[in-house]
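Trainee: To be precise about what I am sending: the file is called final15.cif and holds mmCIF, C-alpha atoms.
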```
data_structure
loop_
_atom_site.label_atom_id
_atom_site.label_comp_id
_atom_site.auth_asym_id
_atom_site.auth_seq_id
_atom_site.Cartn_x
_atom_site.Cartn_y
_atom_site.Cartn_z
CA MET A 1 -8.40 -183.55 124.27
CA SER A 2 -5.90 -185.71 122.52
CA ILE A 3 -2.61 -186.73 124.06
CA PRO A 4 -0.41 -184.29 122.01
CA VAL A 5 -2.55 -181.35 123.14
CA ILE A 6 -2.27 -182.38 126.79
CA LEU A 7 1.49 -182.91 126.36
CA PHE A 8 1.81 -179.49 124.74
CA PHE A 9 0.01 -177.71 127.58
CA LEU A 10 2.03 -179.62 130.19
CA CYS A 11 5.32 -178.67 128.51
CA ALA A 12 4.19 -175.09 127.92
CA LEU A 13 3.25 -174.72 131.58
CA VAL A 14 6.59 -176.11 132.76
CA ALA A 15 8.50 -173.92 130.28
CA VAL A 16 6.74 -170.71 131.37
CA ALA A 17 7.15 -171.68 135.03
CA GLY A 18 10.87 -172.22 134.41
CA ALA A 19 11.19 -168.82 132.73
CA VAL A 20 9.39 -167.13 135.65
CA LEU A 21 11.65 -169.01 138.07
CA LEU A 22 14.67 -167.71 136.13
CA ILE A 23 13.49 -164.17 136.81
CA LEU A 24 12.54 -164.70 140.47
CA ALA A 25 15.58 -166.70 141.59
CA ARG A 26 18.21 -164.69 143.42
CA GLU A 27 21.05 -167.19 143.06
CA PRO A 28 22.50 -167.48 139.52
CA ILE A 29 22.79 -171.26 139.89
CA HIS A 30 19.02 -171.49 140.47
CA SER A 31 18.43 -169.43 137.36
CA ALA A 32 20.73 -171.79 135.43
CA LEU A 33 18.78 -174.84 136.59
CA ALA A 34 15.50 -173.13 135.64
CA LEU A 35 16.93 -172.47 132.18
CA VAL A 36 17.89 -176.16 131.83
CA LEU A 37 14.25 -176.97 132.64
CA VAL A 38 13.00 -174.59 129.92
CA MET A 39 15.43 -176.01 127.36
CA SER A 40 14.48 -179.61 128.15
CA THR A 41 10.76 -178.91 127.77
CA LEU A 42 11.48 -177.08 124.50
CA ALA A 43 13.25 -180.25 123.29
CA ILE A 44 10.06 -182.21 124.01
CA LEU A 45 8.08 -179.60 122.06
CA TYR A 46 10.47 -180.02 119.10
CA LEU A 47 9.77 -183.76 119.21
CA LEU A 48 6.07 -182.94 119.25
CA LEU A 49 6.59 -180.73 116.20
CA GLY A 50 8.25 -183.61 114.39
CA ALA A 51 11.83 -182.32 114.50
CA PRO A 52 13.82 -185.06 116.30
CA PHE A 53 17.21 -183.86 115.03
CA ILE A 54 16.68 -180.35 116.40
CA ALA A 55 15.44 -181.85 119.68
CA ALA A 56 18.65 -183.89 119.98
CA VAL A 57 20.81 -180.88 119.14
CA GLN A 58 18.86 -178.82 121.68
CA VAL A 59 19.58 -181.32 124.46
CA ILE A 60 23.21 -181.94 123.52
CA VAL A 61 24.34 -178.40 122.67
CA TYR A 62 22.04 -176.17 124.73
CA ALA A 63 21.01 -178.14 127.80
CA GLY A 64 24.37 -179.92 127.75
CA ALA A 65 27.32 -177.90 126.51
CA VAL A 66 26.16 -174.28 126.87
CA MET A 67 24.63 -174.75 130.30
CA VAL A 68 27.69 -176.62 131.58
CA LEU A 69 29.71 -173.61 130.43
CA PHE A 70 27.38 -171.33 132.40
CA VAL A 71 27.54 -173.51 135.53
CA PHE A 72 31.34 -173.63 135.26
CA VAL A 73 31.57 -169.84 135.12
CA ILE A 74 29.12 -169.48 138.03
CA MET A 75 31.30 -171.81 140.11
CA LEU A 76 34.54 -170.23 138.90
CA LEU A 77 33.43 -166.73 139.88
CA ASN A 78 31.81 -167.99 143.08
CA ALA A 79 28.69 -166.04 142.17
CA GLY A 80 26.61 -165.62 145.31
CA SER A 81 23.15 -164.23 145.54
CA GLU A 82 22.40 -161.14 143.57
CA GLU A 83 22.82 -157.95 145.56
CA ARG A 84 19.77 -155.77 145.70
CA THR A 85 20.51 -152.27 144.53
CA ASN A 86 17.91 -149.63 144.16
CA ILE A 87 17.49 -149.66 140.43
CA SER A 88 16.35 -146.62 138.55
CA ARG A 89 13.05 -145.40 139.97
CA LEU A 90 11.43 -145.54 136.54
CA ALA A 91 12.12 -149.24 136.05
CA LYS A 92 9.64 -150.60 138.62
CA PRO A 93 6.44 -148.68 137.71
CA ILE A 94 7.08 -148.42 133.97
CA GLY A 95 9.40 -151.33 133.07
CA LEU A 96 7.20 -154.18 134.26
CA PRO A 97 3.95 -152.96 132.64
CA LEU A 98 5.84 -152.25 129.41
CA GLY A 99 7.30 -155.74 129.47
CA PHE A 100 3.85 -157.25 129.77
CA VAL A 101 2.46 -154.95 127.07
CA LEU A 102 5.25 -156.20 124.78
CA LEU A 103 4.42 -159.80 125.68
CA LEU A 104 0.70 -159.31 125.05
CA ALA A 105 1.38 -157.53 121.75
CA PHE A 106 3.56 -160.42 120.56
CA ALA A 107 0.97 -162.97 121.62
CA TYR A 108 -1.87 -161.02 120.00
CA PHE A 109 -0.21 -160.52 116.62
CA LEU A 110 1.06 -164.09 116.45
CA TRP A 111 -2.41 -165.32 117.37
CA ARG A 112 -3.95 -163.23 114.62
CA SER A 113 -1.27 -164.02 112.03
CA PRO A 114 -2.44 -165.84 108.89
CA VAL A 115 -0.43 -168.98 109.68
CA GLY A 116 -2.26 -169.36 113.00
CA GLY A 117 -5.13 -171.60 113.96
CA ALA A 118 -6.06 -172.93 110.56
CA ILE A 119 -3.00 -175.10 110.09
CA ALA A 120 -2.86 -178.13 112.32
CA ASN A 121 0.56 -179.70 112.32
CA GLY A 122 0.98 -183.28 111.32
CA THR A 123 3.35 -184.33 114.07
CA GLY A 124 4.39 -187.78 115.02
CA SER A 125 4.20 -188.68 111.36
CA SER A 126 6.20 -191.58 110.06
CA ASN A 127 8.43 -189.36 107.90
CA ASP A 128 10.47 -188.09 110.86
CA ALA A 129 13.53 -190.12 109.85
CA ALA A 130 13.09 -189.09 106.23
CA ASP A 131 12.94 -185.48 107.44
CA THR A 132 16.30 -185.85 109.16
CA VAL A 133 17.79 -187.32 105.99
CA LYS A 134 16.39 -184.41 103.97
CA LEU A 135 17.67 -181.95 106.56
CA SER A 136 21.19 -183.32 106.34
CA GLU A 137 21.06 -183.21 102.55
CA MET A 138 20.02 -179.55 102.67
CA LEU A 139 22.72 -178.79 105.23
CA PHE A 140 25.50 -180.32 103.14
CA ARG A 141 24.30 -179.23 99.69
CA GLN A 142 22.18 -176.10 99.65
CA TYR A 143 23.61 -174.64 102.86
CA LEU A 144 27.15 -175.98 102.53
CA PHE A 145 28.80 -172.56 102.47
CA PRO A 146 27.02 -171.24 105.61
CA PHE A 147 27.81 -174.57 107.28
CA GLU A 148 31.52 -174.17 106.57
CA ALA A 149 31.34 -170.52 107.60
CA THR A 150 29.99 -171.52 111.02
CA SER A 151 33.01 -173.79 111.52
CA ILE A 152 35.24 -170.74 110.98
CA LEU A 153 32.97 -168.82 113.41
CA ILE A 154 33.45 -171.51 116.06
CA LEU A 155 37.23 -171.39 115.54
CA ILE A 156 37.21 -167.60 115.95
CA ALA A 157 35.04 -167.94 119.08
CA ILE A 158 37.52 -170.41 120.60
CA LEU A 159 40.44 -168.09 119.88
CA GLY A 160 38.50 -165.07 121.18
CA ALA A 161 37.58 -166.83 124.41
CA LEU A 162 41.19 -167.91 124.91
CA VAL A 163 42.55 -164.41 124.31
CA LEU A 164 39.94 -162.78 126.55
CA ALA A 165 40.24 -165.19 129.47
CA ARG A 166 44.05 -165.28 129.43
CA LYS A 167 45.82 -163.77 132.39
CA GLU A 168 47.87 -160.67 131.62
CA SER A 169 51.53 -161.58 131.71
CA MET B 170 -2.26 -187.04 113.70
CA SER B 171 -2.17 -184.47 116.45
CA ALA B 172 -4.09 -181.25 116.37
CA VAL B 173 -2.01 -178.73 118.27
CA PRO B 174 -2.47 -175.53 116.24
CA ILE B 175 0.71 -173.76 115.20
CA SER B 176 -0.53 -170.57 116.84
CA TYR B 177 -0.24 -172.23 120.28
CA TYR B 178 3.47 -172.74 119.69
CA LEU B 179 3.83 -169.17 118.47
CA VAL B 180 2.07 -167.78 121.54
CA LEU B 181 4.28 -169.88 123.82
CA SER B 182 7.30 -168.56 121.92
CA ALA B 183 6.05 -164.99 122.38
CA ILE B 184 5.51 -165.50 126.11
CA LEU B 185 9.00 -166.95 126.57
CA PHE B 186 10.54 -164.12 124.54
CA GLY B 187 8.64 -161.51 126.58
CA LEU B 188 9.77 -163.12 129.84
CA GLY B 189 13.34 -163.04 128.48
CA VAL B 190 13.06 -159.30 127.76
CA VAL B 191 11.64 -158.67 131.25
CA ALA B 192 14.51 -160.68 132.75
CA VAL B 193 17.14 -158.71 130.79
CA VAL B 194 15.62 -155.45 132.06
CA PHE B 195 15.21 -156.53 135.69
CA LYS B 196 18.11 -158.81 136.55
CA ARG B 197 21.26 -157.19 137.90
CA ASN B 198 23.59 -160.17 137.67
CA ILE B 199 25.47 -160.21 134.39
CA ILE B 200 25.45 -164.04 134.16
CA THR B 201 21.68 -164.13 134.64
CA ILE B 202 21.25 -161.46 131.95
CA PHE B 203 23.27 -163.68 129.65
CA MET B 204 21.00 -166.62 130.45
CA SER B 205 17.97 -164.46 129.65
CA ILE B 206 19.43 -163.78 126.21
CA GLU B 207 19.75 -167.54 125.72
CA LEU B 208 16.10 -167.85 126.76
CA MET B 209 15.09 -165.36 124.06
CA LEU B 210 17.14 -167.27 121.45
CA ASN B 211 15.33 -170.45 122.51
CA ALA B 212 11.95 -168.75 122.11
CA VAL B 213 12.89 -167.64 118.59
CA ASN B 214 14.01 -171.19 117.78
CA LEU B 215 10.61 -172.50 118.81
CA ALA B 216 8.94 -170.01 116.46
CA PHE B 217 11.31 -171.10 113.67
CA VAL B 218 10.46 -174.78 114.12
CA ALA B 219 6.73 -174.00 114.33
CA PHE B 220 6.85 -171.96 111.11
CA ALA B 221 8.92 -174.65 109.38
CA ARG B 222 6.23 -177.17 110.30
CA ALA B 223 3.41 -174.81 109.26
CA HIS B 224 4.86 -174.27 105.79
CA ASN B 225 6.18 -177.82 105.59
CA GLN B 226 9.64 -176.58 104.63
CA LEU B 227 12.86 -177.70 106.25
CA ASP B 228 14.70 -174.40 105.77
CA GLY B 229 13.46 -173.26 109.17
CA LEU B 230 15.10 -176.26 110.84
CA VAL B 231 18.41 -175.47 109.13
CA PHE B 232 18.15 -171.93 110.48
CA VAL B 233 17.51 -173.26 113.99
CA PHE B 234 20.69 -175.31 113.61
CA PHE B 235 22.66 -172.18 112.70
CA VAL B 236 21.10 -170.18 115.54
CA ILE B 237 22.16 -172.87 118.00
CA VAL B 238 25.72 -172.86 116.64
CA VAL B 239 25.97 -169.07 116.81
CA ALA B 240 24.48 -169.08 120.32
CA ALA B 241 27.12 -171.57 121.44
CA ALA B 242 29.90 -169.38 120.03
CA GLU B 243 28.31 -166.31 121.60
CA ALA B 244 28.11 -168.05 124.99
CA ALA B 245 31.81 -168.98 124.84
CA VAL B 246 32.99 -165.45 124.01
CA GLY B 247 30.42 -163.78 126.29
CA LEU B 248 31.39 -165.86 129.31
CA ALA B 249 35.06 -165.06 128.67
CA ILE B 250 34.07 -161.38 128.76
CA VAL B 251 32.16 -162.01 132.01
CA ILE B 252 35.27 -163.57 133.56
CA MET B 253 37.35 -160.55 132.48
CA LEU B 254 34.74 -158.20 133.90
CA ALA B 255 34.57 -160.08 137.20
CA GLN B 256 38.36 -159.90 137.52
CA ASN B 257 38.51 -156.19 136.76
CA ARG B 258 35.45 -154.99 138.71
CA GLU B 259 35.38 -157.65 141.43
CA SER B 260 31.60 -157.79 141.09
CA LEU B 261 29.04 -159.36 138.79
CA ASN B 262 26.60 -156.50 139.22
CA VAL B 263 25.96 -154.62 135.99
CA GLU B 264 25.43 -151.44 138.01
CA ARG B 265 29.18 -151.44 138.65
CA VAL B 266 29.94 -151.41 134.93
CA ASN B 267 29.18 -147.75 134.50
CA LEU B 268 32.02 -146.18 132.54
CA LEU B 269 29.66 -145.31 129.69
CA LYS B 270 26.95 -144.04 132.02
CA LEU B 271 26.18 -140.33 132.17
#
```
Translate the structure described by the file into structure tokens.
Mentor:
Amino acid sequence: MSIPVILFFLCALVAVAGAVLLILAREPIHSALALVLVMSTLAILYLLLGAPFIAAVQVIVYAGAVMVLFVFVIMLLNAGSEERTNISRLAKPIGLPLGFVLLLAFAYFLWRSPVGGAIANGTGSSNDAADTVKLSEMLFRQYLFPFEATSILILIAILGALVLARKES
Amino acid sequence: MSAVPISYYLVLSAILFGLGVVAVVFKRNIITIFMSIELMLNAVNLAFVAFARAHNQLDGLVFVFFVIVVAAAEAAVGLAIVIMLAQNRESLNVERVNLLKL
């Protein structure tokens, strides 16, 4: 096995373990840390796929900004451990098997999809920097209007968060 | 150079998405449910990047960029809603948010 394959399986294992930990953890802060783990390993996988810009954005925006926001809210609300309530009786026997059926179905169809197996990705190629240049050109030429629209979206999100979180006077 | 097949990435993406769905169904804490949604968005991003690499087109990467931006906006507004909910219901349990329940 070559080094990228070993790295992929290592990262995949850590990512899946983090996702399982997110489900099993009772304290929200533990779930948040598990999610940071998943996001960091995904950033490594983006590097492996030859997308360094997306990997950087993943670390800065997701693992950095968004998760800090989550941790802030967890601290602000003093969120203790999740209280166990008896959830709907159907959820335990039917929900979990259905979840795994969904998971297996996804995995099966993606495995069988025409883009699968045959194409081996050329990662770690020397055109990574050129890719980032091309990406920025696309972002500011072909996708300029959506790019500007997202800035409006961010502005609206800021205003919405302010209005929602404001104390009633 | 490397020979990790694209389908491996897609299967990993599917597993993460499935775990996210299971978490949304099973978790009772509204913040954790929110984090599970972020997990699903991350899984979709991985599929996007893998497909972009498979077809050797950068459009997929641009879409990942937009998904990340929208997810950040969604997290800001969603967490504001969570704060409102926690103030009004004095609990983070989604079972307590039952006005629309039969």
Trainee: Can you spell out as a PyMOL selection string the set of residues that the PyMOL selection byres ((chain B and resi 261) around 8) selects in the structure I just provided?
Mentor: (chain A and resi 79) or (chain B and resi 198-200+251+254-255+258-260+262-263+265)
Trainee: Keeping only C-alpha atoms, take the residues you just selected and write them out as a PDB file, in the coordinates of the input.
Mentor:
```pdb
ATOM      1  CA  ALA A  79      28.690-166.040 142.170  1.00  0.00           C
TER       2      ALA A  79
ATOM      3  CA  ASN B 198      23.590-160.170 137.670  1.00  0.00           C
ATOM      4  CA  ILE B 199      25.470-160.210 134.390  1.00  0.00           C
ATOM      5  CA  ILE B 200      25.450-164.040 134.160  1.00  0.00           C
ATOM      6  CA  VAL B 251      32.160-162.010 132.010  1.00  0.00           C
ATOM      7  CA  LEU B 254      34.740-158.200 133.900  1.00  0.00           C
ATOM      8  CA  ALA B 255      34.570-160.080 137.200  1.00  0.00           C
ATOM      9  CA  ARG B 258      35.450-154.990 138.710  1.00  0.00           C
ATOM     10  CA  GLU B 259      35.380-157.650 141.430  1.00  0.00           C
ATOM     11  CA  SER B 260      31.600-157.790 141.090  1.00  0.00           C
ATOM     12  CA  ASN B 262      26.600-156.500 139.220  1.00  0.00           C
ATOM     13  CA  VAL B 263      25.960-154.620 135.990  1.00  0.00           C
ATOM     14  CA  ARG B 265      29.180-151.440 138.650  1.00  0.00           C
TER      15      ARG B 265
END
```
Trainee: Taking the file as shown, what set of residues would the PyMOL selection byres ((chain B and resi 179) around 8) give back, as a PyMOL selection string?
Mentor: (chain A and resi 107+110-111) or (chain B and resi 175-178+180-183+215-216+219)
Trainee: Report, in Å to a single decimal, how far apart atom CA of B:Phe232 and atom CA of A:Ile6 are.
Mentor: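 It comes out at 28.1 Å.
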Trainee: Check the smallest atom-to-atom distance from each of B:Ala242, B:Val266, B:Leu210, B:Ala221 to chain A using only C-alpha atoms, then report the winner.
Mentor: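 The answer is B:Ala242, which sits nearest to chain A.
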Trainee: Can you list what the PyMOL selection byres ((chain B) within 6 of (chain A)) grabs from this structure, as a ChimeraX atom specification?
Mentor: /B:170-176,180,183-184,187,191-192,201,242,246,249
Trainee: Give me, please, the distance in Å between atom CA of A:Leu144 and atom CA of B:Val238, quoted to one decimal.
Mentor: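 Atom-to-atom, atom CA of A:Leu144 and atom CA of B:Val238 are spaced 14.5 Å apart.
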Trainee: Which value, in Å to one decimal, gives the distance between atom CA of B:Lys270 and atom CA of B:Val194?
Mentor: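 Answer for the atom CA of B:Lys270 to atom CA of B:Val194 separation: 16.1 Å.
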Trainee: Between A:Ser40, A:Ile94, A:Ala56, A:Leu33, which one has atoms that come closest to A:Val14, using all atoms listed in the file?
Mentor: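 The closest residue to A:Val14 is A:Ser40.
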Trainee: Near B:Ile206, within 10 Å and counting all atoms listed in the file, which residues show up once chain neighbours fewer than 6 positions away are dropped, as a PyMOL selection string?
Mentor: chain B and resi 186+189-190+192-193+200+212+240+244
Trainee: Find the residue from B:Gln256, B:Asn211, B:Gln226, B:Asn267 that sits nearest to B:Leu188; use all atoms listed in the file when measuring.
Mentor: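 For B:Leu188, the nearest of the candidates is B:Asn211.
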Trainee: With only C-alpha atoms as the atoms that count, which of B:Leu248, B:Ala241, B:Leu227, B:Val236 lies nearest to B:Asn214?
Mentor: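 Of B:Leu248, B:Ala241, B:Leu227, B:Val236, the one nearest B:Asn214 is B:Val236, counting only C-alpha atoms.
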Trainee: Between A:Leu37, A:Leu10, A:Asn78, A:Ile44, which residue has the minimum interatomic distance to B:Ile252, considering only C-alpha atoms?
Mentor: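 Of the candidates, the smallest distance to B:Ile252 is held by A:Asn78.
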